[in-house]
Amino acid sequence: METIYLNRENLAEWQEKATPCVMALGFFDGLHNGHREVINTALRKAKEKDLPVAVMSFFPHPKSVLSDGKVQVDYLMPLSEKEKILQVLGVNIFYIVEFTKEFAALPPEQYVAKYLINLGVVHAVAGFDFSYGFKGAGNLDRLKDDSGGIIEVTKVDKVVCRGEKISSTCIRERISNGLVEELPDFLGRFYEVECNWDGHSINNLPFFTLPAAGHYAVTINKGSVSLMTEVIVSDEEKGKSLRSIIELPPFMLGKISIQWHFRIQKESTISQSNRFISII
């Protein structure tokens with residue numbers, strides 16, 4: 001898979017190199033089951049047309065940019081993790097558009113011309129509520145007309161879980177409330193956060209969000225080794241802190257990942273009798 005960072009300076013260069021493709025559109029934070037339905041639909045359309053599949057995402061988050069950084073976005077995963085998953089799914093090209101106020105101000109027709117038609121898009125796939133252009137004036141019902149009939153469009157209906165539309169927002173809400181046991185139904189996998197352990201403290205890496213304060217059952221992964229244990233998330237003045245209830249083995253120094261299974265209790269107090277550890 002080829003990853004291409006698009007901005008105003010290099011857009012023309014990539015337009016010249018573009019070839020016909022089917023493109024999935026969206027921010028895709030967390031790549032949850034709703035996102036996967038969009039991407040899998042694009043993969044099916046591409047197979048029918050014998051064309052490559054492209055995914056277009058945006059960074060930073062529009063809410064952060066449009067609020068001049070006043071709105072703090074709790075990302076579910078960094079771009080590098082998103083890239084890994086898209087490659088496994090079979091995507092050929094991953095476009096990451098630099099989201100700026102100038103980009104947000106593009107009229108819908110100009111967005112379609114510059115970022116879709118001129119990048120070779122012949123078929124666009126997105127969720128039913130995808131919008132584009134200045135103040136989100138563009139939507140999938142008008143995209144074909146905005147392209148002058150060049151681009152075919154497939155609108156993916158909402159994907160529902162527990163009677164609720166699956167979205168990055170509803171996943172963030174569950175994380176902020178500590179309801180990590182519900183997340184596999186929405187994400188299609190356990191919620192996972194990458195961290196660094198230096199032998200003294202565990203620090204989550206940028207663009208991963210820790211759940212609400214409490215005591216959790218987790219699996220800590222380092223390479224092919226998995227350790228089932230418990231961790232405590234605490235609220236501190238500078239943000240959330242994270243610690244394991246057992247001392248991690250020396251071979252886990254450095255980058256680790258934590259899969260969150262369920263919250264044992266909201267309070268951060270634990271008894272020694274509650275501790276468990278299992279190395280797989």
# chains A, B, ... in the order shown; residues from 1 in each chain; ligands from 1
call {"tool": "residues_around", "arguments": {"residues": "region 153-161 of chain A", "least_positions_apart": "2", "cutoff": "12 Å", "atoms": "only C-alpha atoms", "output": "JSON, numbers by chain"}}
result
{"A": [22, 23, 24, 25, 26, 32, 33, 34, 35, 36, 37, 38, 39, 40, 41, 42, 43, 44, 45, 46, 116, 121, 122, 123, 124, 125, 126, 127, 128, 129, 130, 131, 139, 140, 141, 142, 143, 144, 145, 146, 147, 149, 150, 151, 163, 164, 165, 166, 167, 170, 171, 182, 183, 184, 185, 186, 187, 188]}
call {"tool": "write_last_selection", "arguments": {"atoms": "C-alpha atoms", "output": "PDB file, in the first residue's frame"}}
result
ATOM      1  CA  VAL A  22     -12.513   3.588  -6.410  1.00  0.00           C
ATOM      2  CA  MET A  23     -12.232   5.738  -3.283  1.00  0.00           C
ATOM      3  CA  ALA A  24     -13.624   5.382   0.246  1.00  0.00           C
ATOM      4  CA  LEU A  25     -14.100   8.726   2.009  1.00  0.00           C
ATOM      5  CA  GLY A  26     -14.141   9.517   5.728  1.00  0.00           C
ATOM      6  CA  HIS A  32     -14.680   0.626  13.705  1.00  0.00           C
ATOM      7  CA  ASN A  33     -17.278  -1.730  12.196  1.00  0.00           C
ATOM      8  CA  GLY A  34     -19.073   1.148  10.459  1.00  0.00           C
ATOM      9  CA  HIS A  35     -15.854   2.275   8.784  1.00  0.00           C
ATOM     10  CA  ARG A  36     -15.065  -1.277   7.744  1.00  0.00           C
ATOM     11  CA  GLU A  37     -18.435  -1.563   6.025  1.00  0.00           C
ATOM     12  CA  VAL A  38     -17.551   1.530   3.950  1.00  0.00           C
ATOM     13  CA  ILE A  39     -14.101   0.200   3.070  1.00  0.00           C
ATOM     14  CA  ASN A  40     -15.326  -3.329   2.304  1.00  0.00           C
ATOM     15  CA  THR A  41     -18.006  -1.847   0.032  1.00  0.00           C
ATOM     16  CA  ALA A  42     -15.297   0.092  -1.812  1.00  0.00           C
ATOM     17  CA  LEU A  43     -13.235  -3.086  -2.127  1.00  0.00           C
ATOM     18  CA  ARG A  44     -16.204  -4.915  -3.687  1.00  0.00           C
ATOM     19  CA  LYS A  45     -16.856  -2.078  -6.148  1.00  0.00           C
ATOM     20  CA  ALA A  46     -13.178  -1.978  -7.083  1.00  0.00           C
ATOM     21  CA  LEU A 116     -11.649  13.455  -6.370  1.00  0.00           C
ATOM     22  CA  VAL A 121     -11.827   8.816  -8.726  1.00  0.00           C
ATOM     23  CA  VAL A 122     -14.512   7.172 -10.858  1.00  0.00           C
ATOM     24  CA  HIS A 123     -16.539   5.745  -7.971  1.00  0.00           C
ATOM     25  CA  ALA A 124     -16.815   7.180  -4.449  1.00  0.00           C
ATOM     26  CA  VAL A 125     -18.037   5.259  -1.405  1.00  0.00           C
ATOM     27  CA  ALA A 126     -18.880   6.845   1.956  1.00  0.00           C
ATOM     28  CA  GLY A 127     -21.205   6.644   4.915  1.00  0.00           C
ATOM     29  CA  PHE A 128     -24.698   8.102   4.520  1.00  0.00           C
ATOM     30  CA  ASP A 129     -23.797  11.197   6.583  1.00  0.00           C
ATOM     31  CA  PHE A 130     -20.492  12.093   4.885  1.00  0.00           C
ATOM     32  CA  SER A 131     -20.249  15.769   3.981  1.00  0.00           C
ATOM     33  CA  ASN A 139     -23.257  15.472   0.568  1.00  0.00           C
ATOM     34  CA  LEU A 140     -23.514  12.162  -1.260  1.00  0.00           C
ATOM     35  CA  ASP A 141     -26.861  13.060  -2.837  1.00  0.00           C
ATOM     36  CA  ARG A 142     -25.203  15.830  -4.849  1.00  0.00           C
ATOM     37  CA  LEU A 143     -21.705  14.387  -5.371  1.00  0.00           C
ATOM     38  CA  LYS A 144     -22.467  12.913  -8.785  1.00  0.00           C
ATOM     39  CA  ASP A 145     -23.842  16.261  -9.977  1.00  0.00           C
ATOM     40  CA  ASP A 146     -20.877  18.123  -8.467  1.00  0.00           C
ATOM     41  CA  SER A 147     -18.606  15.885 -10.553  1.00  0.00           C
ATOM     42  CA  GLY A 149     -21.615  12.949 -13.860  1.00  0.00           C
ATOM     43  CA  ILE A 150     -18.047  11.626 -13.864  1.00  0.00           C
ATOM     44  CA  ILE A 151     -18.166   9.947 -10.451  1.00  0.00           C
ATOM     45  CA  GLY A 163     -29.708   0.178  18.923  1.00  0.00           C
ATOM     46  CA  GLU A 164     -27.159   2.951  18.273  1.00  0.00           C
ATOM     47  CA  LYS A 165     -25.337   4.112  15.167  1.00  0.00           C
ATOM     48  CA  ILE A 166     -21.699   3.006  15.364  1.00  0.00           C
ATOM     49  CA  SER A 167     -19.526   6.121  15.328  1.00  0.00           C
ATOM     50  CA  CYS A 170     -20.116   6.887  20.626  1.00  0.00           C
ATOM     51  CA  ILE A 171     -16.881   4.908  21.065  1.00  0.00           C
ATOM     52  CA  GLU A 182     -18.755  -2.800  25.270  1.00  0.00           C
ATOM     53  CA  LEU A 183     -16.159  -1.692  22.731  1.00  0.00           C
ATOM     54  CA  PRO A 184     -15.545  -5.013  20.885  1.00  0.00           C
ATOM     55  CA  ASP A 185     -19.161  -4.910  19.655  1.00  0.00           C
ATOM     56  CA  PHE A 186     -18.468  -1.511  18.037  1.00  0.00           C
ATOM     57  CA  LEU A 187     -14.819  -1.872  17.038  1.00  0.00           C
ATOM     58  CA  GLY A 188     -14.828  -5.531  16.075  1.00  0.00           C
TER      59      GLY A 188
END
call {"tool": "select_by_dssp", "arguments": {"residues": "region 134-185 of chain A", "states": "helix (DSSP H, G or I)", "output": "ChimeraX atom specification"}}
result
/A:134-136,140-146,168-176,180-185
call {"tool": "write_last_selection", "arguments": {"atoms": "C-alpha atoms", "output": "compact mmCIF listing (two decimals), in the first residue's frame"}}
result
# COMPACT_ATOMS: atom_id res chain seq x y z
CA PHE A 134 -17.47 24.72 3.03
CA LYS A 135 -19.58 24.22 6.15
CA GLY A 136 -20.31 20.66 5.00
CA LEU A 140 -23.51 12.16 -1.26
CA ASP A 141 -26.86 13.06 -2.84
CA ARG A 142 -25.20 15.83 -4.85
CA LEU A 143 -21.71 14.39 -5.37
CA LYS A 144 -22.47 12.91 -8.78
CA ASP A 145 -23.84 16.26 -9.98
CA ASP A 146 -20.88 18.12 -8.47
CA SER A 168 -16.19 7.33 16.63
CA THR A 169 -18.15 9.67 18.91
CA CYS A 170 -20.12 6.89 20.63
CA ILE A 171 -16.88 4.91 21.07
CA ARG A 172 -15.15 7.91 22.65
CA GLU A 173 -18.10 8.31 25.01
CA ARG A 174 -17.76 4.72 26.18
CA ILE A 175 -14.03 5.13 26.70
CA SER A 176 -14.58 8.31 28.71
CA VAL A 180 -14.42 -0.78 27.67
CA GLU A 181 -16.22 -4.15 27.80
CA GLU A 182 -18.76 -2.80 25.27
CA LEU A 183 -16.16 -1.69 22.73
CA PRO A 184 -15.54 -5.01 20.89
CA ASP A 185 -19.16 -4.91 19.65
call {"tool": "closest_residue", "arguments": {"among": "A:Tyr95, A:Tyr132, A:Phe27, A:Phe207", "to": "Gln110 (chain A)", "atoms": "only C-alpha atoms"}}
result
A:Tyr132
call {"tool": "closest_residue", "arguments": {"among": "A:Lys114, A:Lys222, A:Arg243, A:Lys238", "to": "Lys255 (chain A)", "atoms": "only C-alpha atoms"}}
result
A:Lys222
call {"tool": "residues_around", "arguments": {"residues": "region 210-214 of chain A", "least_positions_apart": "6", "cutoff": "9 Å", "atoms": "only C-alpha atoms", "output": "ChimeraX atom specification"}}
result
/A:172,174-180,193,204,231-235,240-242,260,263-269
call {"tool": "write_last_selection", "arguments": {"atoms": "N, CA and C atoms", "output": "compact mmCIF listing (two decimals), in the first residue's frame"}}
result
# COMPACT_ATOMS: atom_id res chain seq x y z
N ARG A 172 -15.84 7.02 21.72
CA ARG A 172 -15.15 7.91 22.65
C ARG A 172 -15.95 8.07 23.94
N ARG A 174 -17.91 5.92 25.36
CA ARG A 174 -17.76 4.72 26.18
C ARG A 174 -16.38 4.67 26.83
N ILE A 175 -15.36 5.08 26.11
CA ILE A 175 -14.03 5.13 26.70
C ILE A 175 -14.00 6.12 27.86
N SER A 176 -14.59 7.29 27.66
CA SER A 176 -14.58 8.31 28.71
C SER A 176 -15.39 7.89 29.93
N ASN A 177 -16.31 6.94 29.75
CA ASN A 177 -17.11 6.43 30.86
C ASN A 177 -16.60 5.09 31.40
N GLY A 178 -15.49 4.61 30.84
CA GLY A 178 -14.89 3.37 31.33
C GLY A 178 -15.59 2.10 30.88
N LEU A 179 -16.47 2.19 29.89
CA LEU A 179 -17.24 1.02 29.45
C LEU A 179 -16.49 0.25 28.37
N VAL A 180 -15.26 -0.15 28.68
CA VAL A 180 -14.42 -0.78 27.67
C VAL A 180 -14.92 -2.16 27.27
N VAL A 193 -4.41 0.26 23.30
CA VAL A 193 -3.62 1.48 23.43
C VAL A 193 -2.14 1.11 23.45
N ASN A 204 1.12 6.34 27.88
CA ASN A 204 0.49 6.06 26.59
C ASN A 204 1.09 6.96 25.51
N VAL A 231 -4.64 -3.12 35.62
CA VAL A 231 -4.00 -1.81 35.68
C VAL A 231 -4.94 -0.81 36.35
N ILE A 232 -4.34 0.26 36.85
CA ILE A 232 -5.08 1.35 37.47
C ILE A 232 -4.92 2.61 36.63
N VAL A 233 -6.02 3.23 36.28
CA VAL A 233 -6.00 4.54 35.62
C VAL A 233 -6.41 5.57 36.67
N SER A 234 -5.60 6.60 36.84
CA SER A 234 -5.88 7.64 37.83
C SER A 234 -5.92 9.01 37.17
N ASP A 235 -6.75 9.89 37.70
CA ASP A 235 -6.80 11.28 37.24
C ASP A 235 -5.77 12.09 38.01
N LYS A 240 -4.33 11.86 32.81
CA LYS A 240 -4.46 10.52 33.37
C LYS A 240 -3.09 9.85 33.49
N SER A 241 -2.94 9.05 34.54
CA SER A 241 -1.73 8.24 34.70
C SER A 241 -2.13 6.77 34.70
N LEU A 242 -1.17 5.91 34.42
CA LEU A 242 -1.44 4.49 34.26
C LEU A 242 -0.37 3.69 34.99
N TRP A 260 -7.91 -3.64 26.52
CA TRP A 260 -8.78 -3.38 27.66
C TRP A 260 -9.99 -4.31 27.61
N ARG A 263 -13.86 -3.06 33.16
CA ARG A 263 -13.53 -2.33 34.38
C ARG A 263 -14.00 -3.13 35.58
N ILE A 264 -13.09 -3.38 36.53
CA ILE A 264 -13.40 -4.14 37.73
C ILE A 264 -14.12 -3.25 38.74
N GLN A 265 -13.65 -2.04 38.88
CA GLN A 265 -14.31 -1.08 39.75
C GLN A 265 -13.88 0.33 39.36
N LYS A 266 -14.72 1.29 39.69
CA LYS A 266 -14.42 2.68 39.35
C LYS A 266 -13.30 3.23 40.22
N GLU A 267 -13.31 2.88 41.49
CA GLU A 267 -12.31 3.41 42.39
C GLU A 267 -10.94 2.81 42.07
N SER A 268 -9.91 3.55 42.41
CA SER A 268 -8.55 3.09 42.10
C SER A 268 -7.93 2.30 43.24
N THR A 269 -8.72 1.98 44.28
CA THR A 269 -8.20 1.18 45.39
C THR A 269 -8.36 -0.29 45.07
call {"tool": "atom_distance", "arguments": {"atom1": "CA of Gly138 (chain A)", "atom2": "CA of Pro107 (chain A)"}}
result
8.3 Å
call {"tool": "closest_residue", "arguments": {"among": "A:Leu51, A:Ile4, A:Leu66, A:Ile246", "to": "Glu83 (chain A)", "atoms": "only C-alpha atoms"}}
result
A:Ile4
call {"tool": "closest_residue", "arguments": {"among": "A:Val91, A:Leu31, A:Ala113, A:Ala104", "to": "Met77 (chain A)", "atoms": "only C-alpha atoms"}}
result
A:Leu31
call {"tool": "residues_around", "arguments": {"residues": "Glu230 (chain A)", "least_positions_apart": "2", "cutoff": "6 Å", "atoms": "only C-alpha atoms", "output": "list in words"}}
result
Tyr216, Ala217, Val218 and Ile245 of chain A
call {"tool": "atom_distance", "arguments": {"atom1": "CA of Lys63 (chain A)", "atom2": "CA of Val97 (chain A)"}}
result
14.8 Å
call {"tool": "select_by_dssp", "arguments": {"residues": "region 22-188 of chain A", "states": "strand (DSSP E)", "output": "short mmCIF file (atom, residue, chain, number, x, y, z; two decimals) with N, CA and C atoms, in the first residue's frame"}}
result
data_model
loop_
_atom_site.label_atom_id
_atom_site.label_comp_id
_atom_site.auth_asym_id
_atom_site.auth_seq_id
_atom_site.Cartn_x
_atom_site.Cartn_y
_atom_site.Cartn_z
N VAL A 22 -11.34 3.49 -7.27
CA VAL A 22 -12.51 3.59 -6.41
C VAL A 22 -12.01 4.12 -5.08
N MET A 23 -12.73 5.11 -4.51
CA MET A 23 -12.23 5.74 -3.28
C MET A 23 -13.27 5.70 -2.17
N ALA A 24 -12.81 5.30 -0.97
CA ALA A 24 -13.62 5.38 0.25
C ALA A 24 -13.27 6.68 0.97
N LEU A 25 -14.30 7.41 1.42
CA LEU A 25 -14.10 8.73 2.01
C LEU A 25 -14.55 8.74 3.46
N VAL A 53 -8.12 0.37 -5.06
CA VAL A 53 -8.92 1.03 -4.02
C VAL A 53 -8.08 2.07 -3.31
N ALA A 54 -8.62 3.27 -3.19
CA ALA A 54 -7.98 4.32 -2.41
C ALA A 54 -8.87 4.68 -1.23
N VAL A 55 -8.24 5.08 -0.14
CA VAL A 55 -8.96 5.62 1.02
C VAL A 55 -8.45 7.03 1.24
N MET A 56 -9.38 7.98 1.42
CA MET A 56 -8.98 9.35 1.72
C MET A 56 -9.44 9.70 3.12
N SER A 57 -8.47 10.09 3.95
CA SER A 57 -8.75 10.55 5.29
C SER A 57 -8.15 11.95 5.46
N PHE A 58 -8.32 12.53 6.62
CA PHE A 58 -7.92 13.91 6.86
C PHE A 58 -7.23 14.02 8.23
N PHE A 59 -6.28 14.94 8.33
CA PHE A 59 -5.58 15.15 9.59
C PHE A 59 -5.00 16.55 9.61
N ILE A 93 -4.08 2.52 -1.96
CA ILE A 93 -3.55 3.88 -1.76
C ILE A 93 -4.25 4.50 -0.56
N PHE A 94 -3.47 5.11 0.31
CA PHE A 94 -4.02 5.80 1.48
C PHE A 94 -3.63 7.27 1.37
N TYR A 95 -4.62 8.11 1.04
CA TYR A 95 -4.40 9.55 0.97
C TYR A 95 -4.72 10.17 2.34
N ILE A 96 -3.79 10.96 2.86
CA ILE A 96 -4.02 11.71 4.09
C ILE A 96 -3.95 13.19 3.74
N VAL A 97 -5.10 13.85 3.75
CA VAL A 97 -5.17 15.25 3.37
C VAL A 97 -4.91 16.13 4.59
N GLU A 98 -4.01 17.07 4.46
CA GLU A 98 -3.77 18.03 5.54
C GLU A 98 -5.01 18.93 5.67
N VAL A 121 -10.69 9.52 -9.32
CA VAL A 121 -11.83 8.82 -8.73
C VAL A 121 -12.95 8.67 -9.75
N VAL A 122 -13.37 7.44 -9.97
CA VAL A 122 -14.51 7.17 -10.86
C VAL A 122 -15.71 6.65 -10.07
N HIS A 123 -15.46 6.22 -8.83
CA HIS A 123 -16.54 5.74 -7.97
C HIS A 123 -16.17 6.08 -6.53
N ALA A 124 -17.05 6.79 -5.84
CA ALA A 124 -16.81 7.18 -4.45
C ALA A 124 -17.77 6.42 -3.53
N VAL A 125 -17.25 5.99 -2.40
CA VAL A 125 -18.04 5.26 -1.41
C VAL A 125 -17.86 5.96 -0.06
N ALA A 126 -18.97 6.19 0.64
CA ALA A 126 -18.88 6.85 1.96
C ALA A 126 -20.12 6.51 2.76
N GLY A 127 -20.05 6.81 4.06
CA GLY A 127 -21.21 6.64 4.92
C GLY A 127 -22.30 7.63 4.56
N SER A 131 -20.06 14.45 4.59
CA SER A 131 -20.25 15.77 3.98
C SER A 131 -18.89 16.33 3.59
N TYR A 132 -18.90 17.31 2.71
CA TYR A 132 -17.66 17.88 2.20
C TYR A 132 -17.89 19.33 1.80
N GLY A 138 -21.69 20.04 0.95
CA GLY A 138 -21.77 18.92 0.02
C GLY A 138 -22.14 17.63 0.71
N ASN A 139 -22.90 16.79 0.02
CA ASN A 139 -23.26 15.47 0.57
C ASN A 139 -23.35 14.47 -0.57
N GLU A 152 -19.46 7.94 -10.05
CA GLU A 152 -20.57 7.18 -9.50
C GLU A 152 -20.45 7.17 -7.98
N VAL A 153 -21.58 7.03 -7.30
CA VAL A 153 -21.57 7.15 -5.83
C VAL A 153 -22.31 5.98 -5.20
N THR A 154 -21.73 5.42 -4.13
CA THR A 154 -22.42 4.43 -3.32
C THR A 154 -22.50 4.96 -1.89
N LYS A 155 -23.72 5.05 -1.39
CA LYS A 155 -23.97 5.51 -0.03
C LYS A 155 -24.17 4.29 0.87
N VAL A 156 -23.36 4.19 1.92
CA VAL A 156 -23.45 3.07 2.86
C VAL A 156 -24.36 3.47 4.02
N VAL A 160 -25.55 -0.32 12.87
CA VAL A 160 -26.10 -0.14 14.20
C VAL A 160 -25.62 -1.24 15.15
N CYS A 161 -25.37 -0.86 16.39
CA CYS A 161 -25.04 -1.81 17.45
C CYS A 161 -25.73 -1.35 18.73
N GLU A 164 -27.83 1.66 18.44
CA GLU A 164 -27.16 2.95 18.27
C GLU A 164 -26.27 2.92 17.05
N LYS A 165 -26.23 4.02 16.31
CA LYS A 165 -25.34 4.11 15.17
C LYS A 165 -23.89 4.01 15.65
#
call {"tool": "residues_around", "arguments": {"residues": "Glu16 (chain A)", "least_positions_apart": "4", "cutoff": "9 Å", "atoms": "only C-alpha atoms", "output": "PyMOL selection string"}}
result
chain A and resi 11-12+118-119
